[in-house]
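J.: First the structure, then my questions, so here it is.
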Amino acid sequence: MLLQDKTVIVTGGNSGIGAAIALAAGQEGANVVIDYVARPDATEELDERITKAGSEAIGVEADVSKVADLQKLIDAAVKEYGRVDVMVNNAGIETRTSVLDSTEADYDKVMAVNLKSAFFGTQLAAKQFIAQGGGGVVVNISSVHEDWPMPGNAPYCVSKGGMRMLTRNAGVELGPKGIRVIGIGPGAVDTPINSSTSADPEKLAALNAAIPLGRMAEPDEIAGAVVFLASDKGAYLTSTTVFIDGGIMMGSVGL
């Protein structure tokens, strides 16, 4: 198993891509700490699925926009499993507002959940990796929109651009300490955040037509890449983003 006896924290871990990552990590032998802020029933259900797969999991209610709550996640992992090996900064939100329309509240909320949480999640995990020894891995779940503009969703794109540089800078700083920092850049994924598109046949057809592989990704396709890259199989990869987008970024060239 790729993550046998590793301890993995997943922020935003009880739905969408986060839930798929938590389950995939458990199926590969990891102990999983599932962060959530709502729907504790979904966390319990995911915990049960991971347990049935032969691993262990705990749910921790924590608002990752608060540094104290990020520390709460680290502390819970160490208390329950003795160490942290992988930190997945997955939690994310969007406001679908433009540069002209975004309010200060819109901007602050997106930055706090998407970028601040990833920055301090990386920092706190790195400190724990160093304290316990043996290195570790941080995986930042970014987006194709760290590179690719999305008019009408400005704060989100800015936050993901910040995650891009966080991954690069932290990877360079922490590499000598045996810590890898990797970005994952999904394209369109069939999760609740894209439910309005999935439910509209015309919008879905237009999106699928823009993707060279002809469809949105499934959450477990992102999760499989995260598990692989967080494992020893990805041991020489750091300070970069791996895009998992069905070719949409390249397919858009010339449109």
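The chains in the structure tokens are called A, B, ... from first to last as shown; in each chain the residues are counted from 1, and the ligands are counted from 1 in the order shown.
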Go through range 17-185 of chain A and collect every residue that DSSP, computed from the backbone, puts in strand (DSSP E); the answer should be as an NGL selection string.

T.: :A and (31-36 or 57-61 or 86-89 or 136-141 or 179-185)

J.: Return as a tab-separated table the residues of range 46-114 of chain A lying at most 6 Å from range 146-157 of chain A, together with the closest atom-to-atom pair for each and the distance in Å to one decimal, counting only C-alpha atoms, with rows in chain order and ascending residue number.

T.:
```
residue	atom	partner	partner_atom	distance
A:Glu94	CA	A:Tyr156	CA	5.5
A:Arg96	CA	A:Asn153	CA	4.3
A:Thr97	CA	A:Asn153	CA	4.9
A:Ser98	CA	A:Gly152	CA	4.0
A:Val99	CA	A:Ala154	CA	5.6
A:Tyr107	CA	A:Pro155	CA	5.6
```

J.: Would you list the contacts of range 130-138 of chain A as an NGL selection string, taking every protein, DNA or RNA residue within 6 Å and counting only C-alpha atoms, but skipping same-chain residues closer than 3 positions in sequence?

T.: :A and (85-88 or 127 or 178-181)

J.: Taking N, CA and C atoms for each residue, export the selection above as a JSON list (two decimals), in the first residue's frame.

T.:
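Just written: again-v2.json:
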```json
[["chain", "number", "residue", "atom", "x", "y", "z"],
["A", 85, "ASP", "N", 2.35, 12.83, 8.60],
["A", 85, "ASP", "CA", 3.23, 12.55, 7.47],
["A", 85, "ASP", "C", 2.84, 13.32, 6.21],
["A", 86, "VAL", "N", 1.56, 13.58, 6.05],
["A", 86, "VAL", "CA", 1.07, 14.27, 4.85],
["A", 86, "VAL", "C", 0.01, 15.28, 5.26],
["A", 87, "MET", "N", 0.16, 16.52, 4.79],
["A", 87, "MET", "CA", -0.84, 17.57, 5.01],
["A", 87, "MET", "C", -1.43, 17.94, 3.67],
["A", 88, "VAL", "N", -2.73, 17.71, 3.50],
["A", 88, "VAL", "CA", -3.41, 18.06, 2.25],
["A", 88, "VAL", "C", -4.25, 19.31, 2.49],
["A", 127, "LYS", "N", 6.55, 22.45, 10.64],
["A", 127, "LYS", "CA", 7.12, 22.48, 11.99],
["A", 127, "LYS", "C", 6.97, 21.12, 12.67],
["A", 178, "GLY", "N", 13.98, 17.80, 4.02],
["A", 178, "GLY", "CA", 13.32, 16.55, 3.68],
["A", 178, "GLY", "C", 11.82, 16.68, 3.51],
["A", 179, "ILE", "N", 11.36, 17.90, 3.28],
["A", 179, "ILE", "CA", 9.92, 18.15, 3.14],
["A", 179, "ILE", "C", 9.61, 18.52, 1.70],
["A", 180, "ARG", "N", 8.68, 17.80, 1.09],
["A", 180, "ARG", "CA", 8.24, 18.10, -0.27],
["A", 180, "ARG", "C", 6.92, 18.87, -0.23],
["A", 181, "VAL", "N", 6.77, 19.82, -1.16],
["A", 181, "VAL", "CA", 5.54, 20.60, -1.29],
["A", 181, "VAL", "C", 5.10, 20.53, -2.74]]
```

J.: Neighbouring residues of range 240-245 of chain A were defined as those with any atom within 8 Å, considering only C-alpha atoms; residues of the same chain fewer than 3 positions away were excluded. Please report them as a ChimeraX atom specification.

T.: /A:143-144,164,167-168,181-188,211,217,222,237,248-249

J.: Please save C-alpha atoms of the selected residues as an mmCIF file, in the first residue's frame.

T.:
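And here's selection07.cif as it stands now:
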```cif
data_model
loop_
_atom_site.group_PDB
_atom_site.id
_atom_site.type_symbol
_atom_site.label_atom_id
_atom_site.label_comp_id
_atom_site.auth_asym_id
_atom_site.auth_seq_id
_atom_site.Cartn_x
_atom_site.Cartn_y
_atom_site.Cartn_z
ATOM 1 C CA SER A 143 -6.679 24.731 -9.674
ATOM 2 C CA VAL A 144 -6.006 25.319 -13.343
ATOM 3 C CA ARG A 164 1.074 28.433 -6.857
ATOM 4 C CA THR A 167 4.028 25.702 -3.362
ATOM 5 C CA ARG A 168 7.144 26.883 -5.175
ATOM 6 C CA VAL A 181 5.544 20.605 -1.289
ATOM 7 C CA ILE A 182 3.425 19.721 -4.309
ATOM 8 C CA GLY A 183 0.526 21.489 -5.985
ATOM 9 C CA ILE A 184 -2.347 19.682 -7.668
ATOM 10 C CA GLY A 185 -4.254 21.725 -10.251
ATOM 11 C CA PRO A 186 -7.609 20.127 -11.089
ATOM 12 C CA GLY A 187 -9.671 21.298 -14.024
ATOM 13 C CA ALA A 188 -13.439 20.830 -13.968
ATOM 14 C CA ILE A 211 -12.228 19.548 -22.667
ATOM 15 C CA ALA A 217 -13.000 14.541 -13.908
ATOM 16 C CA ILE A 222 -7.827 13.648 -8.467
ATOM 17 C CA LEU A 237 8.796 15.848 -7.082
ATOM 18 C CA ILE A 248 -8.562 21.862 -21.045
ATOM 19 C CA MET A 249 -5.744 24.367 -20.614
#
```

J.: Given only C-alpha atoms as the basis, pick out the residue of A:Val139, A:Val158, A:Ala126, A:Ala223 nearest to Asn89 in chain A.

T.: A:Val139

J.: Excluding Ala62 in chain A and its own-chain neighbours fewer than 3 positions away, which residues fall within 7 Å of it when counting only C-alpha atoms? Please give them as a list in words.

T.: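 Contacts, in chain order: Asp35, Tyr36, Val37, Asp69 and Leu70 of chain A.
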
J.: So how many Å separate CA of Glu61 in chain A and CA of Glu44 in chain A, to one decimal?

T.: 11.7 Å

J.: Which residues in range 26-236 of chain A does DSSP call alpha helix (DSSP H)? List them as a count of residues only.

T.: 100

J.: List every residue of range 169-194 of chain A that has an atom at most 9 Å from any atom of range 9-31 of chain A, giving for each one its closest atom pair and the distance in Å to one decimal, counting only C-alpha atoms, sorted by chain and then by ascending residue number, as CSV.

T.:
```
residue,atom,partner,partner_atom,distance
A:Val189,CA,A:Ile17,CA,8.2
A:Asp190,CA,A:Gly16,CA,8.1
A:Thr191,CA,A:Gly16,CA,5.1
A:Pro192,CA,A:Gly16,CA,6.5
A:Ile193,CA,A:Gly16,CA,8.1
```

J.: Can those selected residues be exported to a file as a PDB file, in the first residue's frame so that it contains C-alpha atoms?

T.:
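Result file follows (selection.pdb):
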```pdb
ATOM      1  CA  VAL A 189     -14.409  18.120 -11.467  1.00  0.00           C
ATOM      2  CA  ASP A 190     -17.859  16.654 -10.875  1.00  0.00           C
ATOM      3  CA  THR A 191     -18.320  17.916  -7.316  1.00  0.00           C
ATOM      4  CA  PRO A 192     -20.971  20.023  -5.550  1.00  0.00           C
ATOM      5  CA  ILE A 193     -19.114  23.230  -6.472  1.00  0.00           C
TER       6      ILE A 193
END
```

J.: Report, in Å to a single decimal, how far apart CA of Ser159 in chain A and CA of Ala112 in chain A are.

T.: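 CA of Ser159 in chain A lies at a distance of 9.0 Å from CA of Ala112 in chain A.
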
J.: If I take CA of Arg83 in chain A and CA of Asn140 in chain A, how far is one from the other in Å, to one decimal?

T.: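 It comes out at 19.5 Å.
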